[in-house]
file target14.cif (mmCIF, C-alpha atoms)
data_target
loop_
_atom_site.label_atom_id
_atom_site.label_comp_id
_atom_site.auth_asym_id
_atom_site.auth_seq_id
_atom_site.Cartn_x
_atom_site.Cartn_y
_atom_site.Cartn_z
CA ILE A 1 30.03 -67.59 40.05
CA SER A 2 26.73 -68.84 38.61
CA SER A 3 24.76 -66.68 41.03
CA ARG A 4 26.68 -63.67 39.84
CA LEU A 5 25.99 -64.59 36.22
CA TRP A 6 22.25 -64.92 36.75
CA CYS A 7 21.85 -61.89 38.97
CA ALA A 8 19.84 -59.10 37.29
CA PRO A 9 21.92 -55.98 36.79
CA SER A 10 20.91 -53.08 38.95
CA SER A 11 19.68 -49.96 37.20
CA SER A 12 22.10 -47.07 37.01
CA PRO A 13 21.44 -43.85 39.01
CA MET A 14 21.01 -41.88 35.76
CA SER A 15 18.31 -44.20 34.41
CA SER A 16 16.39 -44.16 37.69
CA LEU A 17 16.64 -40.38 37.70
CA LYS A 18 15.19 -40.29 34.17
CA VAL A 19 12.27 -42.47 35.25
CA GLN A 20 11.57 -40.23 38.23
CA LEU A 21 11.74 -37.08 36.12
CA THR A 22 9.45 -38.61 33.48
CA GLN A 23 6.89 -39.62 36.07
CA ALA A 24 7.07 -36.33 37.95
CA ALA A 25 6.88 -34.06 34.89
CA PRO A 26 3.40 -32.52 34.64
CA PRO A 27 1.58 -32.66 31.29
CA PRO A 28 2.18 -29.55 29.19
CA SER A 29 -0.57 -26.99 29.55
CA ILE A 30 -2.41 -26.21 26.31
CA SER A 31 -4.10 -22.87 25.93
CA PHE A 32 -7.59 -22.43 24.57
CA VAL A 33 -6.17 -21.11 21.29
CA GLU A 34 -3.96 -24.18 20.87
CA ARG A 35 -6.88 -26.53 21.63
CA TYR A 36 -8.95 -24.63 19.05
CA LYS A 37 -6.16 -25.00 16.47
CA VAL A 38 -5.93 -28.74 17.13
CA ALA A 39 -9.70 -29.09 16.74
CA VAL A 40 -9.67 -27.11 13.48
CA GLU A 41 -6.76 -29.13 12.08
CA ALA A 42 -8.63 -32.35 12.89
CA ARG A 43 -11.63 -31.23 10.83
CA ILE A 44 -10.02 -29.15 8.05
CA ASN A 45 -6.98 -29.80 5.89
CA LEU A 46 -5.06 -26.60 6.59
CA LYS A 47 -2.56 -27.31 3.81
CA HIS A 48 -5.36 -27.10 1.23
CA VAL A 49 -6.68 -23.92 2.87
CA HIS A 50 -3.21 -22.38 2.75
CA ARG A 51 -2.76 -23.21 -0.93
CA ARG A 52 -6.14 -21.70 -1.76
CA LEU A 53 -5.30 -18.61 0.26
CA GLN A 54 -2.10 -18.19 -1.76
CA VAL A 55 -4.08 -18.43 -5.01
CA VAL A 56 -6.71 -15.93 -3.82
CA ALA A 57 -4.01 -13.52 -2.63
CA LYS A 58 -2.30 -13.68 -6.04
CA LEU A 59 -5.54 -13.11 -7.92
CA LEU A 60 -6.46 -10.12 -5.79
CA ILE A 61 -3.07 -8.43 -5.83
CA VAL A 62 -2.96 -8.42 -9.64
CA ALA A 63 -6.61 -7.34 -9.96
CA THR A 64 -5.88 -3.64 -10.43
CA PHE A 65 -3.16 -4.36 -13.02
CA VAL A 66 -5.43 -6.68 -15.04
CA GLU A 67 -8.31 -4.20 -14.91
CA ASP A 68 -6.07 -1.31 -15.97
CA ALA A 69 -4.60 -3.37 -18.83
CA LEU A 70 -8.10 -4.22 -20.06
CA ARG A 71 -8.99 -0.54 -19.83
CA MET A 72 -6.02 0.27 -22.07
CA LEU A 73 -7.12 -2.37 -24.55
CA PHE A 74 -10.81 -1.52 -24.84
CA LYS A 75 -10.74 2.24 -24.19
CA PHE A 76 -7.53 3.18 -25.94
CA ASP A 77 -8.80 6.53 -27.23
CA GLN A 78 -9.80 7.62 -23.72
CA GLN A 79 -6.35 6.67 -22.43
CA GLN A 80 -4.77 8.82 -25.12
CA GLN A 81 -6.86 11.73 -23.86
CA SER A 82 -5.77 10.93 -20.29
CA MET A 83 -2.13 11.21 -21.36
CA GLU A 84 -2.84 14.64 -22.80
CA ILE A 85 -4.62 15.72 -19.60
CA ALA A 86 -1.68 14.41 -17.53
CA GLY A 87 0.61 16.87 -19.31
CA TRP A 88 2.31 14.78 -21.98
CA THR A 89 2.59 17.10 -24.97
CA SER A 90 3.99 14.76 -27.62
CA PRO A 91 1.28 13.01 -29.70
CA ALA A 92 3.60 10.01 -30.02
CA LEU A 93 3.65 9.59 -26.24
CA HIS A 94 -0.15 9.68 -26.18
CA THR A 95 0.02 6.36 -28.05
CA LEU A 96 3.26 4.84 -26.72
CA LEU A 97 2.50 5.26 -23.02
CA PRO A 98 -0.84 3.38 -23.07
CA LEU A 99 0.82 0.62 -25.14
CA LEU A 100 3.62 0.42 -22.57
CA SER A 101 1.04 0.23 -19.80
CA LEU A 102 -0.80 -2.60 -21.56
CA ALA A 103 2.36 -4.62 -22.16
CA VAL A 104 3.93 -4.24 -18.71
CA GLN A 105 0.81 -4.81 -16.65
CA SER A 106 -0.55 -7.74 -18.66
CA CYS A 107 2.81 -9.52 -18.85
CA GLY A 108 3.59 -8.91 -15.19
CA ALA A 109 0.18 -10.14 -14.00
CA LEU A 110 0.30 -13.26 -16.19
CA LEU A 111 3.80 -14.16 -14.99
CA VAL A 112 2.80 -13.74 -11.34
CA LEU A 113 -0.28 -15.94 -11.79
CA ALA A 114 1.32 -18.61 -13.98
CA SER A 115 4.69 -19.17 -12.32
CA SER A 116 6.07 -19.82 -8.85
CA GLY A 117 9.66 -19.71 -10.06
CA VAL A 118 11.85 -17.24 -11.89
CA GLY A 119 8.92 -16.19 -14.08
CA GLY A 120 6.96 -15.14 -11.01
CA GLU A 121 9.95 -13.11 -9.79
CA VAL A 122 10.17 -11.33 -13.15
CA GLY A 123 6.45 -10.60 -12.95
CA CYS A 124 6.88 -9.08 -9.50
CA TYR A 125 9.73 -6.88 -10.73
CA LEU A 126 7.65 -5.70 -13.70
CA LEU A 127 4.68 -4.78 -11.50
CA LEU A 128 6.90 -3.12 -8.89
CA GLY A 129 8.49 -1.00 -11.59
CA TRP A 130 5.05 -0.08 -12.85
CA CYS A 131 3.98 0.94 -9.33
CA VAL A 132 6.89 3.40 -9.23
CA TRP A 133 6.20 4.80 -12.71
CA HIS A 134 2.40 4.82 -12.58
CA PRO A 135 1.82 8.01 -10.48
CA PHE A 136 4.20 10.00 -12.66
CA MET A 137 2.65 8.76 -15.90
CA TYR A 138 -0.81 9.98 -14.84
CA GLY A 139 0.45 13.14 -13.13
CA GLN A 140 -0.66 11.84 -9.71
CA ALA A 141 2.68 12.08 -7.90
CA GLY A 142 1.17 14.80 -5.70
CA ASN A 143 -1.90 12.72 -4.85
CA ARG A 144 -0.93 11.37 -1.43
CA GLU A 145 -3.74 8.81 -1.14
CA PHE A 146 -3.05 7.44 -4.62
CA VAL A 147 0.71 7.15 -4.01
CA LEU A 148 0.36 5.52 -0.58
CA GLU A 149 -2.19 2.98 -1.76
CA THR A 150 0.21 2.11 -4.58
CA ALA A 151 2.98 1.77 -1.96
CA THR A 152 0.77 -0.65 0.01
CA ILE A 153 0.29 -2.80 -3.11
CA SER A 154 4.06 -2.65 -3.67
CA GLY A 155 4.56 -3.97 -0.13
CA GLY A 156 2.40 -6.99 -0.93
CA LEU A 157 4.38 -7.60 -4.13
CA LEU A 158 7.62 -7.49 -2.13
CA ILE A 159 6.28 -10.06 0.34
CA LEU A 160 5.30 -12.31 -2.58
CA LEU A 161 8.72 -11.75 -4.15
CA SER A 162 10.50 -12.71 -0.92
CA HIS A 163 8.49 -15.94 -0.83
CA LEU A 164 9.50 -16.75 -4.42
CA LEU A 165 13.14 -16.00 -3.61
CA LEU A 166 12.97 -18.39 -0.68
CA LEU A 167 11.51 -21.09 -2.92
CA ARG A 168 14.30 -20.61 -5.46
CA THR A 169 17.07 -20.81 -2.84
CA LYS A 170 15.21 -23.66 -1.10
CA ALA A 171 15.91 -21.97 2.23
CA PRO A 172 13.43 -22.77 5.01
CA LEU A 173 11.58 -20.00 6.77
CA LEU A 174 12.46 -21.32 10.23
CA GLY A 175 14.69 -23.64 12.14
CA GLU A 176 17.68 -24.05 9.84
CA SER A 177 20.35 -21.82 8.41
CA GLY A 178 20.61 -21.28 4.69
CA PRO A 179 21.71 -18.70 2.13
CA GLY A 180 18.26 -17.13 2.06
CA ALA A 181 17.19 -17.56 5.70
CA VAL A 182 18.50 -14.20 6.93
CA GLY A 183 19.62 -12.78 3.61
CA THR A 184 17.97 -10.99 0.75
CA PRO A 185 14.51 -12.62 1.01
CA ALA A 186 14.20 -11.71 4.69
CA ARG A 187 15.22 -8.09 4.02
CA VAL A 188 12.81 -7.84 1.09
CA GLN A 189 10.00 -9.15 3.28
CA ALA A 190 10.80 -6.65 6.05
CA VAL A 191 10.68 -3.76 3.58
CA GLY A 192 7.41 -5.15 2.24
CA ARG A 193 5.86 -5.07 5.72
CA VAL A 194 6.82 -1.43 6.16
CA LEU A 195 5.36 -0.44 2.78
CA LEU A 196 2.26 -2.54 3.45
CA VAL A 197 1.02 -0.15 6.15
CA SER A 198 1.67 3.06 4.17
CA PHE A 199 -1.96 3.69 3.29
CA PHE A 200 -3.20 2.86 6.79
CA LEU A 201 -0.65 5.15 8.44
CA SER A 202 -1.89 7.97 6.24
CA PHE A 203 -5.48 7.14 7.19
CA ALA A 204 -4.64 7.15 10.91
CA LEU A 205 -2.75 10.45 10.67
CA SER A 206 -5.66 12.00 8.74
CA LEU A 207 -8.02 10.96 11.53
CA ALA A 208 -5.66 12.37 14.14
CA HIS A 209 -5.42 15.63 12.21
CA ALA A 210 -9.21 15.86 11.94
CA TRP A 211 -9.47 15.23 15.68
CA ALA A 212 -6.91 17.94 16.46
CA VAL A 213 -8.61 20.47 14.16
CA SER A 214 -11.99 19.84 15.78
CA LEU A 215 -10.73 20.60 19.29
CA PRO A 216 -12.26 23.77 20.83
CA LEU A 217 -9.93 26.74 20.87
CA GLY A 218 -11.69 28.74 23.58
CA ALA A 219 -14.15 28.44 26.42
CA GLY A 220 -17.13 29.19 24.18
CA ASP A 221 -16.09 26.96 21.29
CA GLY A 222 -17.40 23.66 22.65
CA PRO A 223 -18.43 21.17 19.95
CA GLY A 224 -21.52 19.89 21.78
CA VAL A 225 -22.42 16.33 22.63
CA TRP A 226 -22.40 15.06 19.04
CA GLY A 227 -19.14 16.84 18.30
CA ARG A 228 -17.45 15.39 21.38
CA GLY A 229 -18.61 11.90 20.38
CA THR A 230 -17.17 12.38 16.89
CA GLN A 231 -13.88 13.57 18.36
CA ALA A 232 -13.70 10.53 20.62
CA VAL A 233 -14.36 8.14 17.71
CA GLU A 234 -11.70 9.81 15.55
CA LEU A 235 -9.15 9.64 18.36
CA VAL A 236 -9.87 5.97 19.18
CA LEU A 237 -9.78 4.96 15.49
CA SER A 238 -6.52 6.78 14.84
CA LEU A 239 -4.85 5.17 17.88
CA LEU A 240 -6.22 1.74 16.92
CA VAL A 241 -4.99 1.94 13.32
CA LEU A 242 -1.59 3.25 14.44
CA SER A 243 -1.29 0.33 16.87
CA LEU A 244 -2.20 -2.19 14.18
CA CYS A 245 0.36 -0.65 11.81
CA GLY A 246 3.01 -0.91 14.51
CA LEU A 247 2.25 -4.60 15.01
CA VAL A 248 2.61 -5.27 11.27
CA VAL A 249 5.93 -3.41 11.05
CA LEU A 250 7.31 -5.27 14.10
CA GLY A 251 5.97 -8.58 12.84
CA MET A 252 3.99 -9.21 16.05
CA LYS A 253 0.72 -11.10 15.48
CA SER A 254 1.03 -9.69 11.97
CA ARG A 255 -0.99 -12.44 10.25
CA HIS A 256 -4.00 -11.74 12.47
CA VAL A 257 -3.67 -7.97 12.04
CA ALA A 258 -3.30 -8.25 8.26
CA LEU A 259 -6.39 -10.45 8.08
CA LEU A 260 -8.35 -7.92 10.14
CA LEU A 261 -7.24 -5.02 7.93
CA ALA A 262 -7.99 -7.01 4.76
CA ALA A 263 -11.53 -7.71 5.97
CA ALA A 264 -12.02 -4.01 6.83
CA VAL A 265 -10.75 -2.82 3.43
CA PHE A 266 -12.86 -5.35 1.56
CA ALA A 267 -16.01 -4.41 3.49
CA ALA A 268 -15.37 -0.70 2.91
CA ALA A 269 -14.69 -1.23 -0.81
CA VAL A 270 -17.87 -3.23 -1.36
CA SER A 271 -20.11 -0.90 0.66
CA VAL A 272 -18.77 2.33 -0.86
CA THR A 273 -18.88 0.94 -4.40
CA ALA A 274 -22.44 -0.32 -3.92
CA ALA A 275 -23.54 3.11 -2.65
CA ASN A 276 -21.85 4.82 -5.61
CA VAL A 277 -23.48 2.45 -8.11
CA VAL A 278 -26.92 3.13 -6.67
CA THR A 279 -26.31 6.88 -6.79
CA LEU A 280 -25.11 6.78 -10.39
CA LEU A 281 -28.06 4.64 -11.49
CA LEU A 282 -30.56 6.98 -9.87
CA HIS A 283 -28.90 10.08 -11.30
CA SER A 284 -27.50 8.79 -14.60
CA SER A 285 -28.28 12.04 -16.42
CA ASP A 286 -26.47 14.29 -13.91
CA THR A 287 -22.83 15.34 -13.70
CA PHE A 288 -20.62 14.70 -10.68
CA PRO A 289 -17.36 16.23 -9.39
CA VAL A 290 -14.21 14.23 -10.04
CA GLU A 291 -12.72 13.33 -6.64
CA ASP A 292 -9.43 11.84 -5.43
CA THR A 293 -7.61 12.86 -8.61
CA ALA A 294 -4.86 15.48 -8.63
CA GLY A 295 -5.27 18.18 -11.27
CA MET A 296 -9.02 17.54 -11.63
CA GLU A 297 -10.24 19.72 -8.77
CA GLY A 298 -13.54 21.41 -9.63
CA VAL A 299 -14.00 19.35 -12.81
CA GLU A 300 -17.34 17.61 -13.32
CA ALA A 301 -17.98 14.55 -15.49
CA ASP A 302 -20.95 12.46 -16.58
CA ALA A 303 -22.13 9.35 -14.73
CA ALA A 304 -20.37 6.91 -17.11
CA THR A 305 -16.97 8.58 -16.58
CA ILE A 306 -17.44 8.66 -12.82
CA ALA A 307 -18.47 4.97 -12.85
CA ASP A 308 -15.27 4.11 -14.72
CA HIS A 309 -13.32 6.18 -12.20
CA GLN A 310 -14.93 4.41 -9.25
CA ARG A 311 -14.34 0.99 -10.81
CA TYR A 312 -10.61 1.71 -11.00
CA PHE A 313 -10.46 2.59 -7.28
CA PHE A 314 -12.50 -0.50 -6.41
CA PHE A 315 -9.99 -2.80 -8.10
CA GLN A 316 -7.14 -0.89 -6.50
CA GLN A 317 -8.69 -1.61 -3.11
CA LEU A 318 -9.04 -5.28 -4.06
CA SER A 319 -5.31 -5.32 -4.77
CA THR A 320 -4.75 -3.76 -1.35
CA VAL A 321 -6.69 -6.69 0.13
CA GLY A 322 -4.50 -9.05 -1.90
CA ALA A 323 -1.37 -7.32 -0.59
CA LEU A 324 -2.52 -7.86 3.01
CA LEU A 325 -3.37 -11.50 2.29
CA GLN A 326 0.20 -12.02 1.07
CA LEU A 327 1.31 -11.37 4.64
CA VAL A 328 -1.37 -13.73 5.96
CA ALA A 329 -0.27 -16.46 3.54
CA HIS A 330 3.52 -16.15 3.84
CA GLY A 331 4.08 -14.73 7.31
CA PRO A 332 6.24 -11.81 8.49
CA GLY A 333 9.64 -13.33 7.69
CA GLN A 334 12.86 -13.73 9.63
CA PHE A 335 13.17 -10.12 10.81
CA SER A 336 10.06 -10.12 12.99
CA VAL A 337 9.01 -10.71 16.58
CA ASP A 338 6.82 -13.68 15.67
CA GLU A 339 9.58 -15.55 13.87
CA ALA A 340 12.16 -14.73 16.57
CA ASP A 341 9.85 -16.16 19.24
CA ALA A 342 9.16 -19.26 17.15
CA GLU A 343 12.87 -19.82 16.57
CA SER A 344 13.67 -19.51 20.27
CA ILE A 345 10.92 -22.04 21.08
CA THR A 346 12.31 -24.43 18.45
CA ILE A 347 15.85 -24.14 19.81
CA THR A 348 14.64 -24.68 23.38
CA SER A 349 12.67 -27.75 22.31
CA ILE A 350 15.66 -29.25 20.48
CA THR A 351 17.94 -28.55 23.47
CA SER A 352 15.54 -30.21 25.92
CA LYS A 353 15.28 -33.28 23.68
CA GLY A 354 19.05 -33.51 23.54
CA ALA A 355 19.25 -33.36 27.32
CA ASP A 356 17.11 -36.45 27.59
#
call {"tool": "encode", "arguments": {"input": "target14.cif", "output": "structure tokens"}}
result
Amino acid sequence: ISSRLWCAPSSSPMSSLKVQLTQAAPPPSISFVERYKVAVEARINLKHVHRRLQVVAKLLIVATFVEDALRMLFKFDQQQQSMEIAGWTSPALHTLLPLLSLAVQSCGALLVLASSGVGGEVGCYLLLGWCVWHPFMYGQAGNREFVLETATISGGLLILLSHLLLLRTKAPLLGESGPGAVGTPARVQAVGRVLLVSFFLSFALSLAHAWAVSLPLGAGDGPGVWGRGTQAVELVLSLLVLSLCGLVVLGMKSRHVALLLAAAVFAAAVSVTAANVVTLLLHSSDTFPVEDTAGMEGVEADAATIADHQRYFFFQQLSTVGALLQLVAHGPGQFSVDEADAESITITSITSKGAD
């Protein structure tokens, strides 16, 4: 009896099988990208970087609204003239519409910057409503580039709004179910991604149209070496931009694509604006044609008016950069390929842990 009492219990078959499996399991392979992420996280506090990115994205996306509100405040008489040029015949509207613009844009921008709660949501709604009304107020509803760039900014505001809705419902972005996980915030974010690429789709289609128009129609209509090179560049750029837009809409590597597009827009805005400033300074006494404005075809204006015009488009492009950075900061949302893959990986990981 005593020998039985002091005999060590034999290990069960299941426990020995676990030991064998643990010893035989190879170490998980880590890709170069994952090793790079681990190295970066060891040197940089990514939480602080993410918070700063959110702040920068907010500042940029409201840039055009703040600049336009300040324009209303300090150049009110010019805005009254703009209302008359846009086709508003009532003198009362020449005053009321700029005042409405000042109130809506300034209040909306301040709420977005100052609040991450209900106030921020109200600010997003105000600015989204202004984005819808703005082209009609200035008679630019037929200006495709103006409308689509406004739609891109609206997409960024929708992504920001979806993030604020998720914060209010306290629903996580991944891994758990909640009232906002696959509900209204996810749908808002999906619509925001579609609107976000509006301007870039137009740019790609314009390049494709230019490429198609430049094709030779007959045997003797060859474009020459330089012309063929231009055609090839236009075709490659249009296909590249279309591919990037498709990735954003599907939510596949969308953070990386949005960051790439934001860098391209920012570089283009800075370079074009710098070139325009130099031109206006060198020819300050000349007049220039008003471009990219519906109803102003063939009209020429002095250098100061053109500079004011170019400044508006520069800040609008900054807001486009801010809209793209909203996607970088907050991700593509539940209805996306990236989030679906991440969720499947999380479920598989949980299941494997439970099996142990």
call {"tool": "closest_residue", "arguments": {"input": "target14.cif", "among": "A:Phe199, A:Trp130, A:Phe136, A:Phe314", "to": "A:Leu148", "atoms": "all atoms listed in the file"}}
result
A:Phe199
call {"tool": "resolve_selection", "arguments": {"input": "target14.cif", "expression": "the PyMOL selection byres ((chain A and resi 247) around 12)", "output": "PyMOL selection string"}}
result
chain A and resi 193-194+196-197+240-246+248-258+261+332+336-338
call {"tool": "atom_distance", "arguments": {"input": "target14.cif", "atom1": "atom CA of A:Gln317", "atom2": "atom CA of A:Ala275"}}
result
15.6 Å
call {"tool": "closest_atom_pairs", "arguments": {"input": "target14.cif", "of": "stretch 92-178 of chain A", "to": "stretch 78-83 of chain A", "cutoff": "8 Å", "atoms": "only C-alpha atoms", "output": "tab-separated table"}}
result
residue	atom	partner	partner_atom	distance
A:Leu93	CA	A:Met83	CA	7.7
A:His94	CA	A:Gln80	CA	4.8
A:Thr95	CA	A:Gln80	CA	6.1
A:Leu97	CA	A:Met83	CA	7.7
A:Pro98	CA	A:Gln79	CA	6.4
A:Met137	CA	A:Met83	CA	7.7
A:Tyr138	CA	A:Met83	CA	6.8
call {"tool": "closest_residue", "arguments": {"input": "target14.cif", "among": "A:Phe200, A:Phe65, A:Phe76, A:Phe146", "to": "A:Ala264", "atoms": "only C-alpha atoms"}}
result
A:Phe200
call {"tool": "residues_around", "arguments": {"input": "target14.cif", "residues": "stretch 187-191 of chain A", "least_positions_apart": "6", "cutoff": "12 Å", "atoms": "all atoms listed in the file", "output": "PyMOL selection string"}}
result
chain A and resi 151-152+154-166+173+180-181+197-198+248-251+254+326-327+330-337+339
call {"tool": "atom_distance", "arguments": {"input": "target14.cif", "atom1": "atom CA of A:Val112", "atom2": "atom CA of A:Val265"}}
result
22.8 Å
call {"tool": "atom_distance", "arguments": {"input": "target14.cif", "atom1": "atom CA of A:Leu73", "atom2": "atom CA of A:Leu102"}}
result
7.0 Å
call {"tool": "resolve_selection", "arguments": {"input": "target14.cif", "expression": "the PyMOL selection byres ((chain A and resi 147) around 12)", "output": "PDB file with C-alpha atoms, keeping the file's coordinate frame"}}
result
ATOM      1  CA  CYS A 131       3.980   0.940  -9.330  1.00  0.00           C
ATOM      2  CA  VAL A 132       6.890   3.400  -9.230  1.00  0.00           C
ATOM      3  CA  TRP A 133       6.200   4.800 -12.710  1.00  0.00           C
ATOM      4  CA  HIS A 134       2.400   4.820 -12.580  1.00  0.00           C
ATOM      5  CA  PRO A 135       1.820   8.010 -10.480  1.00  0.00           C
ATOM      6  CA  PHE A 136       4.200  10.000 -12.660  1.00  0.00           C
ATOM      7  CA  TYR A 138      -0.810   9.980 -14.840  1.00  0.00           C
ATOM      8  CA  GLY A 139       0.450  13.140 -13.130  1.00  0.00           C
ATOM      9  CA  GLN A 140      -0.660  11.840  -9.710  1.00  0.00           C
ATOM     10  CA  ALA A 141       2.680  12.080  -7.900  1.00  0.00           C
ATOM     11  CA  GLY A 142       1.170  14.800  -5.700  1.00  0.00           C
ATOM     12  CA  ASN A 143      -1.900  12.720  -4.850  1.00  0.00           C
ATOM     13  CA  ARG A 144      -0.930  11.370  -1.430  1.00  0.00           C
ATOM     14  CA  GLU A 145      -3.740   8.810  -1.140  1.00  0.00           C
ATOM     15  CA  PHE A 146      -3.050   7.440  -4.620  1.00  0.00           C
ATOM     16  CA  LEU A 148       0.360   5.520  -0.580  1.00  0.00           C
ATOM     17  CA  GLU A 149      -2.190   2.980  -1.760  1.00  0.00           C
ATOM     18  CA  THR A 150       0.210   2.110  -4.580  1.00  0.00           C
ATOM     19  CA  ALA A 151       2.980   1.770  -1.960  1.00  0.00           C
ATOM     20  CA  THR A 152       0.770  -0.650   0.010  1.00  0.00           C
ATOM     21  CA  ILE A 153       0.290  -2.800  -3.110  1.00  0.00           C
ATOM     22  CA  SER A 154       4.060  -2.650  -3.670  1.00  0.00           C
ATOM     23  CA  LEU A 195       5.360  -0.440   2.780  1.00  0.00           C
ATOM     24  CA  SER A 198       1.670   3.060   4.170  1.00  0.00           C
ATOM     25  CA  PHE A 199      -1.960   3.690   3.290  1.00  0.00           C
ATOM     26  CA  SER A 202      -1.890   7.970   6.240  1.00  0.00           C
ATOM     27  CA  ASP A 292      -9.430  11.840  -5.430  1.00  0.00           C
ATOM     28  CA  THR A 293      -7.610  12.860  -8.610  1.00  0.00           C
ATOM     29  CA  ALA A 294      -4.860  15.480  -8.630  1.00  0.00           C
ATOM     30  CA  GLN A 316      -7.140  -0.890  -6.500  1.00  0.00           C
TER      31      GLN A 316
END
call {"tool": "resolve_selection", "arguments": {"input": "target14.cif", "expression": "the PyMOL selection byres ((chain A and resi 59-62) around 9)", "output": "PyMOL selection string"}}
result
chain A and resi 54-58+63-67+105+108-110+112-113+127+153+156-157+315-316+318-326
call {"tool": "closest_residue", "arguments": {"input": "target14.cif", "among": "A:Leu201, A:Val272, A:Gln310, A:Ala267", "to": "A:Val290", "atoms": "only C-alpha atoms"}}
result
A:Gln310
call {"tool": "decode", "arguments": {"input": "target14.cif", "residues": "stretch 303-319 of chain A", "atoms": "N, CA and C atoms", "output": "CSV table (one decimal), in the first residue's frame"}}
result
chain,number,residue,atom,x,y,z
A,303,ALA,N,-3.0,90.7,-60.6
A,303,ALA,CA,-2.2,89.7,-59.9
A,303,ALA,C,-2.7,89.4,-58.5
A,304,ALA,N,-3.2,90.5,-57.8
A,304,ALA,CA,-3.7,90.3,-56.4
A,304,ALA,C,-4.9,89.4,-56.4
A,305,THR,N,-5.9,89.6,-57.3
A,305,THR,CA,-7.1,88.7,-57.4
A,305,THR,C,-6.7,87.3,-57.7
A,306,ILE,N,-5.8,87.1,-58.6
A,306,ILE,CA,-5.3,85.8,-59.0
A,306,ILE,C,-4.6,85.1,-57.8
A,307,ALA,N,-3.8,85.9,-57.1
A,307,ALA,CA,-3.1,85.3,-55.9
A,307,ALA,C,-4.2,84.9,-54.8
A,308,ASP,N,-5.2,85.6,-54.6
A,308,ASP,CA,-6.3,85.3,-53.7
A,308,ASP,C,-7.0,84.0,-54.2
A,309,HIS,N,-7.2,83.9,-55.5
A,309,HIS,CA,-7.8,82.7,-56.1
A,309,HIS,C,-6.9,81.5,-55.9
A,310,GLN,N,-5.6,81.6,-56.1
A,310,GLN,CA,-4.7,80.5,-56.0
A,310,GLN,C,-4.6,80.1,-54.5
A,311,ARG,N,-4.6,81.1,-53.6
A,311,ARG,CA,-4.5,80.7,-52.2
A,311,ARG,C,-5.7,79.9,-51.7
A,312,TYR,N,-6.9,80.2,-52.3
A,312,TYR,CA,-8.1,79.4,-51.9
A,312,TYR,C,-7.9,77.9,-52.4
A,313,PHE,N,-7.4,77.7,-53.6
A,313,PHE,CA,-7.2,76.3,-54.1
A,313,PHE,C,-6.1,75.6,-53.3
A,314,PHE,N,-5.1,76.4,-52.9
A,314,PHE,CA,-4.0,75.7,-52.1
A,314,PHE,C,-4.6,75.2,-50.8
A,315,PHE,N,-5.4,76.0,-50.1
A,315,PHE,CA,-6.0,75.5,-48.8
A,315,PHE,C,-7.0,74.4,-49.1
A,316,GLN,N,-7.6,74.4,-50.2
A,316,GLN,CA,-8.5,73.3,-50.5
A,316,GLN,C,-7.7,72.0,-50.7
A,317,GLN,N,-6.6,72.1,-51.4
A,317,GLN,CA,-5.7,70.9,-51.5
A,317,GLN,C,-5.2,70.4,-50.2
A,318,LEU,N,-4.9,71.4,-49.3
A,318,LEU,CA,-4.4,71.0,-47.9
A,318,LEU,C,-5.6,70.2,-47.2
A,319,SER,N,-6.8,70.6,-47.4
A,319,SER,CA,-7.9,69.9,-46.8
A,319,SER,C,-8.1,68.5,-47.5
